[in-house]
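Data file: final_15.tsv. Format and content: TSV, C-alpha atoms and all ligand atoms.
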```tsv
chain	number	residue	atom	x	y	z
A	1306	MET	CA	121.63	58.92	18.22
A	1307	SER	CA	121.76	55.24	19.00
A	1308	ILE	CA	119.00	53.20	20.50
A	1309	GLN	CA	119.53	50.01	22.40
A	1310	TYR	CA	116.30	48.29	22.78
A	1311	GLU	CA	115.33	45.04	24.38
A	1312	ALA	CA	112.13	43.60	23.03
A	1313	PRO	CA	109.83	42.62	25.85
A	1314	LEU	CA	109.03	39.03	26.65
A	1315	ALA	CA	105.64	38.67	25.13
A	1316	ASP	CA	103.86	36.78	27.85
A	1317	SER	CA	105.66	37.68	31.01
A	1318	TYR	CA	102.52	39.19	32.51
A	1319	GLY	CA	100.11	36.68	31.14
A	1320	VAL	CA	97.43	37.52	28.66
A	1321	ALA	CA	94.84	38.76	31.11
A	1322	ASP	CA	97.15	41.28	32.66
A	1323	SER	CA	98.71	42.66	29.53
A	1324	PHE	CA	98.14	46.11	28.10
A	1325	PRO	CA	95.54	46.32	25.41
A	1326	LYS	CA	97.31	45.61	22.14
A	1327	ASP	CA	96.45	48.96	20.65
A	1328	PHE	CA	97.92	50.47	23.78
A	1329	GLY	CA	94.81	52.48	24.18
A	1330	TYR	CA	91.67	51.90	26.16
A	1331	GLY	CA	89.56	50.32	23.42
A	1332	GLU	CA	87.47	47.66	25.13
A	1333	GLU	CA	87.71	49.21	28.53
A	1334	GLU	CA	86.42	52.50	27.34
A	1335	GLY	CA	83.70	54.25	29.27
A	1336	ASP	CA	80.06	54.28	28.65
A	1337	ILE	CA	77.65	57.06	28.14
A	1338	GLU	CA	75.04	57.76	30.72
A	1339	ASP	CA	72.33	60.27	31.26
A	1340	SER	CA	73.00	60.46	34.92
A	1341	PRO	CA	75.50	58.83	37.20
A	1342	SER	CA	74.53	55.65	38.95
A	1343	PRO	CA	74.66	55.85	42.74
A	1344	SER	CA	76.61	52.61	42.84
A	1345	ASP	CA	79.47	54.31	41.06
A	1346	SER	CA	82.08	54.40	43.70
A	1347	LYS	CA	85.33	55.09	41.86
A	1348	PRO	CA	86.95	58.39	42.69
A	1349	ARG	CA	86.53	60.75	39.85
A	1350	ILE	CA	87.94	63.74	38.08
A	1351	LEU	CA	85.32	66.01	36.57
A	1352	LEU	CA	85.92	67.99	33.41
A	1353	MET	CA	83.63	70.99	33.31
A	1354	GLY	CA	83.44	74.25	31.41
A	1355	LEU	CA	81.44	76.02	28.73
A	1356	ARG	CA	80.66	74.43	25.38
A	1357	ARG	CA	83.57	74.11	22.99
A	1358	SER	CA	86.08	75.04	25.67
A	1359	GLY	CA	88.04	71.87	24.85
A	1360	LYS	CA	87.02	69.32	27.51
A	1361	SER	CA	86.56	66.29	25.25
A	1362	SER	CA	89.71	67.16	23.35
A	1363	ILE	CA	91.73	67.14	26.55
A	1364	GLN	CA	90.37	63.76	27.55
A	1365	LYS	CA	90.93	62.25	24.12
A	1366	VAL	CA	94.45	63.60	23.70
A	1367	VAL	CA	95.69	62.69	27.17
A	1368	PHE	CA	94.02	59.31	27.64
A	1369	HIS	CA	93.21	58.06	24.17
A	1370	LYS	CA	96.24	59.10	22.15
A	1371	MET	CA	94.12	61.15	19.76
A	1372	SER	CA	96.24	63.55	17.75
A	1373	PRO	CA	95.38	67.21	18.46
A	1374	ASN	CA	94.34	67.86	14.85
A	1375	GLU	CA	91.74	65.13	15.00
A	1376	THR	CA	89.93	66.96	17.80
A	1377	LEU	CA	88.75	69.47	15.20
A	1378	PHE	CA	86.21	66.83	14.17
A	1379	LEU	CA	84.91	66.00	17.65
A	1380	GLU	CA	81.20	66.41	17.99
A	1381	SER	CA	79.70	68.32	20.86
A	1382	THR	CA	79.16	66.13	23.92
A	1383	ASN	CA	75.49	65.96	24.82
A	1384	LYS	CA	75.56	63.45	27.66
A	1385	ILE	CA	77.95	62.85	30.51
A	1386	TYR	CA	80.76	60.78	29.10
A	1387	LYS	CA	82.16	58.54	31.79
A	1388	ASP	CA	85.58	57.14	31.12
A	1389	ASP	CA	86.96	54.48	33.43
A	1390	ILE	CA	90.68	54.36	32.82
A	1391	SER	CA	91.59	52.25	35.82
A	1392	SER	CA	92.16	49.02	33.96
A	1393	SER	CA	94.93	50.41	31.80
A	1394	SER	CA	96.44	53.09	33.92
A	1395	PHE	CA	98.12	53.40	37.27
A	1396	VAL	CA	95.64	56.07	38.14
A	1397	ASN	CA	92.52	54.35	39.27
A	1398	PHE	CA	89.82	56.88	38.59
A	1399	GLN	CA	87.06	57.83	36.26
A	1400	ILE	CA	86.99	60.96	34.18
A	1401	TRP	CA	83.59	62.47	33.66
A	1402	ASP	CA	83.29	64.77	30.70
A	1403	PHE	CA	80.30	67.06	31.14
A	1404	PRO	CA	78.46	68.50	28.19
A	1405	GLY	CA	78.89	72.27	28.19
A	1406	GLN	CA	75.25	73.09	27.66
A	1407	VAL	CA	73.74	70.87	30.36
A	1408	ASP	CA	72.45	72.59	33.44
A	1409	PHE	CA	73.76	70.26	36.07
A	1410	PHE	CA	72.00	72.21	38.78
A	1411	ASP	CA	68.74	70.99	37.38
A	1412	PRO	CA	66.81	69.52	40.36
A	1413	THR	CA	66.58	66.15	38.61
A	1414	PHE	CA	70.35	65.98	38.48
A	1415	ASP	CA	72.00	64.61	41.62
A	1416	TYR	CA	74.97	66.94	41.83
A	1417	GLU	CA	75.52	66.24	45.51
A	1418	MET	CA	76.22	62.62	44.72
A	1419	ILE	CA	78.56	63.65	41.92
A	1420	PHE	CA	80.58	66.05	44.02
A	1421	ARG	CA	80.74	63.76	47.03
A	1422	GLY	CA	82.82	61.20	45.15
A	1423	THR	CA	85.00	63.71	43.36
A	1424	GLY	CA	88.74	64.03	43.86
A	1425	ALA	CA	89.40	66.90	41.47
A	1426	LEU	CA	87.23	69.26	39.48
A	1427	ILE	CA	88.91	70.65	36.39
A	1428	PHE	CA	87.22	73.72	34.98
A	1429	VAL	CA	88.28	74.49	31.41
A	1430	ILE	CA	88.24	78.10	30.20
A	1431	ASP	CA	88.81	78.90	26.52
A	1432	ALA	CA	91.47	81.61	26.62
A	1433	GLN	CA	90.89	82.47	22.97
A	1434	ASP	CA	87.30	83.44	23.67
A	1435	ASP	CA	85.67	86.09	25.84
A	1436	TYR	CA	85.86	84.49	29.27
A	1437	VAL	CA	83.41	86.59	31.29
A	1438	GLU	CA	80.61	84.02	31.01
A	1439	ALA	CA	83.06	81.21	31.81
A	1440	LEU	CA	84.13	83.00	34.99
A	1441	GLY	CA	80.51	83.26	36.13
A	1442	ARG	CA	80.03	79.58	35.50
A	1443	LEU	CA	83.29	78.74	37.25
A	1444	HIS	CA	82.18	80.58	40.35
A	1445	LEU	CA	78.78	78.92	40.40
A	1446	THR	CA	80.30	75.48	39.90
A	1447	VAL	CA	83.10	75.63	42.44
A	1448	SER	CA	81.03	77.31	45.15
A	1449	ARG	CA	78.33	74.62	44.87
A	1450	ALA	CA	80.88	71.83	44.78
A	1451	TYR	CA	82.82	73.23	47.73
A	1452	ARG	CA	79.71	73.30	49.90
A	1453	VAL	CA	79.06	69.64	49.17
A	1454	ASN	CA	82.67	68.48	49.42
A	1455	PRO	CA	85.40	70.89	50.59
A	1456	GLU	CA	88.02	68.16	49.99
A	1457	ILE	CA	87.81	68.56	46.21
A	1458	ASN	CA	90.88	69.99	44.48
A	1459	PHE	CA	89.74	72.82	42.22
A	1460	GLU	CA	91.84	73.15	39.09
A	1461	VAL	CA	91.36	75.78	36.39
A	1462	PHE	CA	92.79	75.09	32.95
A	1463	ILE	CA	93.23	78.32	31.01
A	1464	HIS	CA	93.09	76.44	27.77
A	1465	LYS	CA	93.96	76.91	24.06
A	1466	VAL	CA	96.84	79.23	24.94
A	1467	ASP	CA	98.65	78.11	21.78
A	1468	GLY	CA	96.84	80.97	20.06
A	1469	LEU	CA	98.23	83.63	22.43
A	1470	SER	CA	101.54	85.48	22.58
A	1471	ASP	CA	103.68	85.00	25.69
A	1472	ASP	CA	102.72	88.43	27.07
A	1473	HIS	CA	99.07	87.81	26.36
A	1474	LYS	CA	99.23	84.43	28.15
A	1475	ILE	CA	100.62	85.99	31.32
A	1476	GLU	CA	98.14	88.84	31.21
A	1477	THR	CA	95.19	86.45	30.66
A	1478	GLN	CA	96.29	84.25	33.53
A	1479	ARG	CA	96.68	87.25	35.85
A	1480	ASP	CA	93.29	88.63	34.89
A	1481	ILE	CA	91.44	85.30	35.28
A	1482	HIS	CA	93.20	84.61	38.57
A	1483	GLN	CA	92.28	88.05	39.91
A	1484	ARG	CA	88.64	87.99	38.85
A	1485	ALA	CA	88.00	84.42	39.99
A	1486	ASN	CA	89.50	85.08	43.42
A	1487	ASP	CA	87.65	88.40	43.76
A	1488	ASP	CA	84.38	86.56	43.11
A	1489	LEU	CA	85.26	84.02	45.80
A	1490	ALA	CA	86.19	86.77	48.27
A	1491	ASP	CA	82.86	88.52	47.61
A	1492	ALA	CA	81.10	85.26	48.46
A	1493	SER	CA	83.24	84.82	51.62
A	1494	LEU	CA	84.81	81.70	50.15
A	1495	GLU	CA	88.46	82.71	50.66
A	1496	LYS	CA	89.26	79.20	51.88
A	1497	LEU	CA	88.38	77.75	48.51
A	1498	HIS	CA	91.68	77.42	46.69
A	1499	LEU	CA	91.87	77.49	42.91
A	1500	SER	CA	94.99	76.35	41.04
A	1501	PHE	CA	95.60	77.75	37.57
A	1502	TYR	CA	97.42	76.18	34.60
A	1503	LEU	CA	98.08	77.46	31.09
A	1504	THR	CA	97.29	74.56	28.76
A	1505	SER	CA	97.09	73.54	25.15
A	1506	ILE	CA	96.61	70.18	23.47
A	1507	TYR	CA	99.17	71.23	20.85
A	1508	ASP	CA	102.13	70.88	23.21
A	1509	HIS	CA	103.04	69.04	26.41
A	1510	SER	CA	101.44	71.62	28.69
A	1511	ILE	CA	98.23	69.59	28.93
A	1512	PHE	CA	100.15	66.49	30.08
A	1513	GLU	CA	102.14	68.53	32.56
A	1514	ALA	CA	98.97	70.10	33.99
A	1515	PHE	CA	97.22	66.74	34.22
A	1516	SER	CA	100.29	65.33	35.95
A	1517	LYS	CA	100.02	67.97	38.65
A	1518	VAL	CA	96.29	67.35	39.06
A	1519	VAL	CA	96.83	63.63	39.46
A	1520	GLN	CA	99.81	64.03	41.79
A	1521	LYS	CA	97.61	65.88	44.26
A	1522	LEU	CA	95.43	62.76	44.45
A	1523	ILE	CA	98.35	60.49	45.33
A	1524	PRO	CA	98.76	60.26	49.09
A	1525	GLN	CA	102.12	58.48	48.71
A	1526	LEU	CA	103.60	61.37	46.72
A	1527	PRO	CA	106.11	62.52	49.40
A	1528	THR	CA	107.34	58.93	49.76
A	1529	LEU	CA	107.75	58.58	46.00
A	1530	GLU	CA	109.66	61.86	45.79
A	1531	ASN	CA	111.87	60.80	48.62
A	1532	LEU	CA	112.65	57.48	46.96
A	1533	LEU	CA	113.44	59.23	43.69
A	1534	ASN	CA	115.74	61.70	45.47
A	1535	ILE	CA	117.64	58.88	47.13
A	1536	PHE	CA	117.84	56.94	43.88
A	1537	ILE	CA	119.19	59.79	41.74
A	1538	SER	CA	121.65	61.12	44.28
A	1539	ASN	CA	123.23	57.68	44.70
A	1540	SER	CA	123.32	56.94	40.99
A	1541	GLY	CA	124.65	60.15	39.44
A	1542	ILE	CA	121.37	60.79	37.64
A	1543	GLU	CA	120.28	64.33	36.85
A	1544	LYS	CA	116.52	63.93	36.62
A	1545	ALA	CA	114.08	61.07	37.00
A	1546	PHE	CA	110.37	60.85	36.26
A	1547	LEU	CA	107.99	58.10	37.29
A	1548	PHE	CA	105.56	57.85	34.38
A	1549	ASP	CA	102.15	56.36	33.91
A	1550	VAL	CA	103.08	54.82	30.57
A	1551	VAL	CA	99.72	54.96	28.83
A	1552	SER	CA	98.85	58.57	29.57
A	1553	LYS	CA	102.44	59.93	29.87
A	1554	ILE	CA	101.37	61.65	33.04
A	1555	TYR	CA	104.27	61.75	35.46
A	1556	ILE	CA	103.05	60.76	38.85
A	1557	ALA	CA	106.23	61.81	40.66
A	1558	THR	CA	109.66	63.24	40.05
A	1559	ASP	CA	112.66	64.08	42.22
A	1560	SER	CA	112.65	67.45	43.94
A	1561	SER	CA	114.84	69.30	41.42
A	1562	PRO	CA	112.80	71.69	39.26
A	1563	VAL	CA	111.04	70.28	36.22
A	1564	ASP	CA	111.94	71.91	32.96
A	1565	MET	CA	109.52	71.41	30.15
A	1566	GLN	CA	112.18	70.24	27.68
A	1567	SER	CA	113.30	67.35	29.89
A	1568	TYR	CA	109.72	66.30	30.39
A	1569	GLU	CA	109.06	66.43	26.63
A	1570	LEU	CA	112.19	64.42	25.94
A	1571	CYS	CA	111.06	61.69	28.33
A	1572	CYS	CA	107.54	61.67	26.84
A	1573	ASP	CA	109.05	61.28	23.38
A	1574	MET	CA	111.16	58.40	24.62
A	1575	ILE	CA	108.09	56.56	25.87
A	1576	ASP	CA	106.44	57.05	22.48
A	1577	VAL	CA	109.49	55.68	20.68
A	1578	VAL	CA	109.78	52.65	22.96
A	1579	ILE	CA	106.11	51.76	22.71
A	1580	ASP	CA	105.98	52.30	18.96
A	1581	VAL	CA	109.06	50.14	18.39
A	1582	SER	CA	107.70	47.55	20.77
A	1583	CYS	CA	104.33	47.44	19.04
A	1584	ILE	CA	106.06	46.86	15.71
A	1585	TYR	CA	108.88	44.50	16.72
A	1586	GLY	CA	108.10	43.34	20.25
A	1587	LEU	CA	104.89	41.40	19.74
A	1588	LYS	CA	104.60	37.82	18.61
A	1589	GLU	CA	103.94	37.08	14.95
A	1590	ASP	CA	100.24	36.55	15.58
A	1591	GLY	CA	100.10	39.95	17.31
A	1592	SER	CA	99.72	38.58	20.82
A	1593	GLY	CA	101.79	39.76	23.73
A	1594	SER	CA	102.20	43.14	25.30
A	1595	ALA	CA	103.96	46.30	24.16
A	1596	TYR	CA	105.08	47.02	27.68
A	1597	ASP	CA	106.00	44.48	30.30
A	1598	LYS	CA	108.51	43.40	32.92
A	1599	GLU	CA	111.39	43.22	30.46
A	1600	SER	CA	110.78	46.62	28.90
A	1601	MET	CA	113.84	48.83	28.99
A	1602	ALA	CA	115.55	51.20	26.62
A	1603	ILE	CA	118.67	53.33	26.44
A	1604	ILE	CA	118.92	56.28	24.09
A	1605	LYS	CA	122.23	58.12	23.75
A	1606	LEU	CA	121.86	61.63	22.41
A	1607	ASN	CA	124.58	63.52	20.53
A	1608	ASN	CA	125.06	65.97	23.39
A	1609	THR	CA	126.48	63.39	25.85
A	1610	THR	CA	123.08	62.92	27.46
A	1611	VAL	CA	121.66	59.46	28.04
A	1612	LEU	CA	117.98	58.61	28.48
A	1613	TYR	CA	117.33	55.43	30.42
A	1614	LEU	CA	113.89	53.83	30.69
A	1615	LYS	CA	113.00	50.85	32.86
A	1616	GLU	CA	109.80	49.10	33.83
A	1617	VAL	CA	108.69	49.61	37.45
A	1618	THR	CA	105.19	48.11	37.47
A	1619	ARG	CA	102.86	47.09	34.68
A	1620	PHE	CA	101.64	50.70	34.51
A	1621	LEU	CA	104.71	52.65	35.56
A	1622	ALA	CA	108.09	53.33	34.00
A	1623	LEU	CA	111.06	55.20	35.35
A	1624	VAL	CA	112.69	57.51	32.83
A	1625	CYS	CA	116.05	59.04	33.79
A	1626	ILE	CA	118.21	61.70	32.23
A	1627	LEU	CA	121.93	61.44	32.92
A	1628	ARG	CA	125.39	62.27	31.56
A	1629	GLU	CA	127.34	59.71	29.57
A	1630	GLU	CA	130.11	59.63	32.23
A	1631	SER	CA	127.60	58.66	34.90
A	1632	PHE	CA	126.22	55.93	32.69
A	1633	GLU	CA	129.61	54.20	32.81
A	1634	ARG	CA	128.53	53.00	36.25
A	1635	LYS	CA	125.49	51.23	34.83
A	1636	GLY	CA	125.93	48.33	37.25
A	1637	LEU	CA	125.52	50.64	40.20
A	1638	ILE	CA	122.52	52.36	38.60
A	1639	ASP	CA	120.88	49.01	37.94
A	1640	TYR	CA	121.47	47.85	41.48
A	1641	ASN	CA	120.02	51.08	42.88
A	1642	PHE	CA	117.13	50.77	40.47
A	1643	HIS	CA	116.46	47.26	41.74
A	1644	CYS	CA	116.19	48.61	45.31
A	1645	PHE	CA	114.05	51.52	44.13
A	1646	ARG	CA	111.68	49.21	42.26
A	1647	LYS	CA	111.32	46.97	45.27
A	1648	ALA	CA	110.52	49.96	47.47
A	1649	ILE	CA	107.88	51.22	45.03
A	1650	HIS	CA	106.20	47.82	45.01
A	1651	GLU	CA	106.16	47.82	48.78
A	1652	VAL	CA	104.67	51.32	48.93
A	1653	PHE	CA	101.78	50.34	46.71
A	1654	GLU	CA	101.22	46.92	48.21
A	1655	VAL	CA	100.72	48.64	51.54
A	1656	GLY	CA	98.37	51.10	49.85
A	1657	VAL	CA	96.35	48.30	48.29
A	1658	SER	CA	96.08	46.25	51.45
A	1659	THR	CA	95.11	49.36	53.44
A	1660	SER	CA	92.31	50.17	51.05
A	1661	ARG	CA	91.18	46.54	50.91
A	1662	THR	CA	90.93	46.22	54.65
A	1663	SER	CA	89.01	49.44	55.01
A	1664	ASN	CA	85.29	49.74	54.51
A	1665	GLN	CA	85.24	53.49	54.54
A	1666	PRO	CA	82.85	54.87	51.97
A	1667	ILE	CA	83.99	56.95	49.06
A	1668	GLY	CA	84.05	60.62	49.83
A	1669	THR	CA	85.91	60.21	53.09
A	1670	PRO	CA	89.58	61.21	53.18
A	1671	LEU	CA	90.52	57.61	52.33
A	1672	MET	CA	89.08	58.15	48.90
A	1673	LYS	CA	92.37	59.64	47.83
A	1674	THR	CA	94.15	56.55	49.06
A	1675	VAL	CA	92.15	54.29	46.81
A	1676	ALA	CA	92.59	56.53	43.81
A	1677	LEU	CA	95.49	54.41	42.64
A	1678	ASN	CA	96.08	51.09	41.05
A	1679	GLY	CA	98.50	49.50	43.41
A	1680	THR	CA	100.72	46.82	41.99
A	1681	PRO	CA	98.97	43.50	42.20
A	1682	ARG	CA	101.16	40.91	43.88
A	1683	SER	CA	100.83	38.58	40.95
A	1684	THR	CA	102.78	40.94	38.71
A	1685	VAL	CA	105.68	41.54	41.07
B	1701	LIG	N1	93.72	75.96	19.38
B	1701	LIG	C1	93.26	75.02	20.20
B	1701	LIG	N2	92.07	74.44	19.96
B	1701	LIG	C2	91.65	73.49	20.82
B	1701	LIG	C3	92.40	73.09	21.95
B	1701	LIG	N3	91.70	72.14	22.62
B	1701	LIG	C4	90.56	71.95	21.94
B	1701	LIG	N4	90.52	72.75	20.84
B	1701	LIG	C5	89.45	72.83	19.84
B	1701	LIG	O1	88.27	73.30	20.45
B	1701	LIG	C6	87.11	72.76	19.80
B	1701	LIG	C7	86.12	72.24	20.83
B	1701	LIG	O2	86.67	71.14	21.49
B	1701	LIG	P1	85.82	70.06	22.30
B	1701	LIG	O3	86.80	69.19	22.94
B	1701	LIG	O4	84.78	69.45	21.43
B	1701	LIG	O5	85.10	71.00	23.37
B	1701	LIG	P2	84.10	70.56	24.54
B	1701	LIG	O6	84.38	71.46	25.68
B	1701	LIG	O7	84.20	69.09	24.80
B	1701	LIG	O8	82.72	70.92	23.87
B	1701	LIG	P3	81.24	70.38	24.27
B	1701	LIG	O9	81.25	68.91	24.03
B	1701	LIG	O10	80.34	71.12	23.33
B	1701	LIG	O11	81.00	70.76	25.69
B	1701	LIG	C8	87.63	71.67	18.84
B	1701	LIG	O12	87.59	72.19	17.53
B	1701	LIG	C9	89.08	71.46	19.27
B	1701	LIG	O13	89.93	71.12	18.18
B	1701	LIG	C10	93.67	73.73	22.16
B	1701	LIG	O14	94.42	73.45	23.11
B	1701	LIG	N5	94.04	74.68	21.27
```
Show me this structure written as C-alpha cells.
Ligand SMILES: Nc1nc2c(ncn2[C@@H]2O[C@H](COP(=O)(O)OP(=O)(O)OP(=O)(O)O)[C@@H](O)[C@H]2O)c(=O)[nH]1
Amino acid sequence: MSIQYEAPLADSYGVADSFPKDFGYGEEEGDIEDSPSPSDSKPRILLMGLRRSGKSSIQKVVFHKMSPNETLFLESTNKIYKDDISSSSFVNFQIWDFPGQVDFFDPTFDYEMIFRGTGALIFVIDAQDDYVEALGRLHLTVSRAYRVNPEINFEVFIHKVDGLSDDHKIETQRDIHQRANDDLADASLEKLHLSFYLTSIYDHSIFEAFSKVVQKLIPQLPTLENLLNIFISNSGIEKAFLFDVVSKIYIATDSSPVDMQSYELCCDMIDVVIDVSCIYGLKEDGSGSAYDKESMAIIKLNNTTVLYLKEVTRFLALVCILREESFERKGLIDYNFHCFRKAIHEVFEVGVSTSRTSNQPIGTPLMKTVALNGTPRSTV
C-alpha cells in the first residue's frame, strides 16, 4: 500500500477558522444544565433511553473520538448534558444526552419546549438486557413528543448488538419492531413512524446509524445525491461519500447501495489522513490545522483499488473509491471534482442566505434548513 500525502498549508483558513488542534471539540464542548434555557434555539438531537443503555457512550464515541473501551469508565449522567457541536462540525445542532433516571415528565420540566425545537429523537435500547421496560418508556416518550411536535424523526437504536449472534440480532430487531408498533397501533398513533437500527460502539454501525439520522435533517440531501451521481458517473468512480470529517458521519453518498466495508475503508482513510496530518502537517510550534483547503490524499491498495480524499469545505471531505485504471484519468477526475466542489459551495451558500433572511422561529419546518453549517463565504 502506498500513500501519497500532501501536508496541508498550515494557515490557509486563518487561525480563527481552523479546526481545534486536538481535532476534537475541547473548548467548544457543551455545558451541563439542570434544565434547558428557553433562549436555546439550535435544532437538537435528543438521546434518550433507560439508564446504562449506552447514550453517553454513543455521544462520546461518535463526536469526541473516545475509544469504545474507555466508555466502560463513564459515570452515570445525572443532568442533561448539552453538547453543541456546531463550531467544529458541518452539522449545526446540539446533542442533548438525558440521564436515564430523570423523569422528564415532571411538571417542573418543560418538555414541550424541548420537543418543539427537536429535529430527531434517538431512543437507545440495550439489546443485551431485558427490553420490556425500555419499550414502555419508548412508547411514553415518543407519544408525548409526537403530540408536541409531529415533525420529529423518531429513531430507535437497538444498541450493544456486538454481544448477540446474527440470528439473535435479527430476532431481537423483529420483536422490538413488532411490539413497539403494536403499542402505537393500540394508542391510535399509526402515523408515528419509528426507524430501527442495530448499533454498537465496537464497530462502524453506530456511525452508519448516526449518518442516516443526520441525513434526514438535511433538506439539500436529494441535491447532494444528485451531484454525487453526476460526479461519479462522469469520472469512472465506483463509490463516493461526502463526510463530516470530525465525526466521520457521511452526510450524503451516491445512489448505489452502501456496503459496510466500503464505508469502513473510507472512515479508516480519514483517520489515517488526520493522524498523519496532526503529526507532520502542523507547524513546529503546533499551530495550524490538521484539515484545510489543501488537504488531499491518495491511497493505493494492493487489490487495484484507489482511495481518493479531497477537501470540499472546512468541515466536509469527499472520499472516493475507484479502480486503478480509472485513476489514470486523474486530470478529468480533478476537473469534475472542481465543478462538484463549486456546486456544493453554491448549495450551502444558498442555504445559509435563506436561513439568514428568514425570521421563522425554531420548530417550524425551516428548522431543518438551519440544521447545517453552510460554508462561510470567507472560506471558499
Ligand atoms: N457491549 C457494549 N457495551 C456498550 C455499548 N455502548 C455502551 N456500552 C457500555 O454500556 C455501559 C453504559 O454506558 P453509558 O454510556 O454510561 O450509558 P448511559 O445510557 O449514558 O447511562 P446513564 O448515564 O446512566 O443514563 C458502559 O459500560 C459502556 O461501556 C456497546 O455498543 N456495546
Given all atoms listed in the file as the counted atoms, nearest of A:Leu1351, A:Val1611, A:Met1601, A:Ala1485 to Ala1425 in chain A:
A:Leu1351
Between CA of Val1577 in chain A and CA of Phe1512 in chain A, measure the distance and give it in Å to one decimal.
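These two atoms are separated by 17.1 Å.
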Neighbourhood of ligand LIG 1701 (chain B) at 9 Å, counting all atoms listed in the file, reported as a ChimeraX atom specification:
/A:1352-1365,1373-1384,1402-1407,1429-1431,1433,1464-1468,1504-1508,1511
Hey, which of A:Asp1471, A:Asp1435, A:Glu1417, A:Glu1651 ends up closest to Leu1529 in chain A? Count all atoms listed in the file.
A:Glu1651
Nearest residue to Val1518 in chain A from the set A:Asn1607, A:Ser1567, A:Ile1419, A:Tyr1502 (distances using all atoms listed in the file)
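Distance minimum relative to Val1518 in chain A lands on A:Tyr1502.
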Given all atoms listed in the file as the basis, pick out the residue of A:Asp1639, A:Glu1456, A:Asp1488, A:Asp1597 nearest to Asn1539 in chain A.
A:Asp1639
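CA of Ile1463 in chain A is positioned 24.8 Å from CA of Asp1389 in chain A.
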Anything within 8 Å of (121.7, 57.9, 33.6): list those residues as a list in words, counting all atoms listed in the file and sticking to the file's coordinates.
Ser1540, Gly1541, Ile1542, Glu1543, Val1611, Leu1612, Tyr1613, Cys1625, Ile1626, Leu1627, Arg1628, Glu1629, Ser1631, Phe1632, Lys1635 and Ile1638 of chain A
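Residues lying within 12 Å of Leu1445 in chain A, counting only C-alpha atoms and ignoring same-chain neighbours fewer than 6 positions away, are A:Met1353, A:Gly1354, A:Asp1408, A:Phe1409, A:Phe1410, A:Phe1428, A:Glu1438, A:Ala1439, A:Tyr1451, A:Arg1452, A:Ala1485, A:Asp1488, A:Leu1489, A:Ala1492, A:Leu1494.
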I need the chosen residues saved as a tab-separated table (two decimals), in the frame of the given file, with C-alpha atoms.
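The result, stored in result-v3.tsv:
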```
chain	number	residue	atom	x	y	z
A	1353	MET	CA	83.63	70.99	33.31
A	1354	GLY	CA	83.44	74.25	31.41
A	1408	ASP	CA	72.45	72.59	33.44
A	1409	PHE	CA	73.76	70.26	36.07
A	1410	PHE	CA	72.00	72.21	38.78
A	1428	PHE	CA	87.22	73.72	34.98
A	1438	GLU	CA	80.61	84.02	31.01
A	1439	ALA	CA	83.06	81.21	31.81
A	1451	TYR	CA	82.82	73.23	47.73
A	1452	ARG	CA	79.71	73.30	49.90
A	1485	ALA	CA	88.00	84.42	39.99
A	1488	ASP	CA	84.38	86.56	43.11
A	1489	LEU	CA	85.26	84.02	45.80
A	1492	ALA	CA	81.10	85.26	48.46
A	1494	LEU	CA	84.81	81.70	50.15
```
Would you list the residues near (88.9, 57.6, 37.3), meaning any protein, DNA or RNA residue with an atom at most 6 Å from that point in file coordinates, counting all atoms listed in the file, as a list of chain:residue names?
A:Pro1348, A:Arg1349, A:Asp1389, A:Ile1390, A:Asn1397, A:Phe1398, A:Gln1399, A:Ile1400
From the list A:Ala1432, A:Ile1481, A:Ile1350, A:Ala1514, which residue is nearest Asp1388 in chain A when using all atoms listed in the file?
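Answer, going by the shortest atom-to-atom distance: A:Ile1350.
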Mind pulling up the distance from CA of Ile1556 in chain A to CA of Lys1544 in chain A?
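Distance between the two atoms: 14.0 Å.
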Near-Cys1583 in chain A list (8 Å; only C-alpha atoms; drop same-chain fewer than 3 positions) as a PyMOL selection string:
chain A and resi 1326+1579-1580+1586-1587+1594-1595
Calculated over all atoms listed in the file, which of the candidates A:Leu1499, A:Leu1621, A:Met1371, A:Met1565 has the smallest distance to Glu1513 in chain A?
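So, comparing all the options, the nearest one is A:Met1565.
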Just write range 1544-1553 of chain A with N, CA and C atoms, as a compact mmCIF listing (two decimals), in the first residue's frame, taken from the block above.
```txt
# COMPACT_ATOMS: atom_id res chain seq x y z
N LYS A 1544 -17.67 4.57 -5.98
CA LYS A 1544 -18.48 4.99 -4.82
C LYS A 1544 -17.89 6.27 -4.26
N ALA A 1545 -18.74 7.18 -3.83
CA ALA A 1545 -18.24 8.42 -3.23
C ALA A 1545 -19.07 8.77 -2.01
N PHE A 1546 -18.40 9.17 -0.96
CA PHE A 1546 -19.07 9.60 0.27
C PHE A 1546 -18.67 11.04 0.58
N LEU A 1547 -19.64 11.82 0.99
CA LEU A 1547 -19.35 13.16 1.47
C LEU A 1547 -19.37 13.09 3.00
N PHE A 1548 -18.18 13.27 3.58
CA PHE A 1548 -18.03 13.05 5.02
C PHE A 1548 -17.96 14.33 5.82
N ASP A 1549 -18.56 14.31 7.00
CA ASP A 1549 -18.26 15.31 8.01
C ASP A 1549 -16.98 14.80 8.68
N VAL A 1550 -15.88 15.51 8.49
CA VAL A 1550 -14.58 14.93 8.83
C VAL A 1550 -14.44 14.61 10.32
N VAL A 1551 -14.91 15.50 11.16
CA VAL A 1551 -14.70 15.28 12.59
C VAL A 1551 -15.44 14.07 13.13
N SER A 1552 -16.70 13.92 12.72
CA SER A 1552 -17.50 12.83 13.29
C SER A 1552 -17.44 11.56 12.45
N LYS A 1553 -16.97 11.66 11.20
CA LYS A 1553 -16.99 10.55 10.24
C LYS A 1553 -18.41 10.09 9.91
```
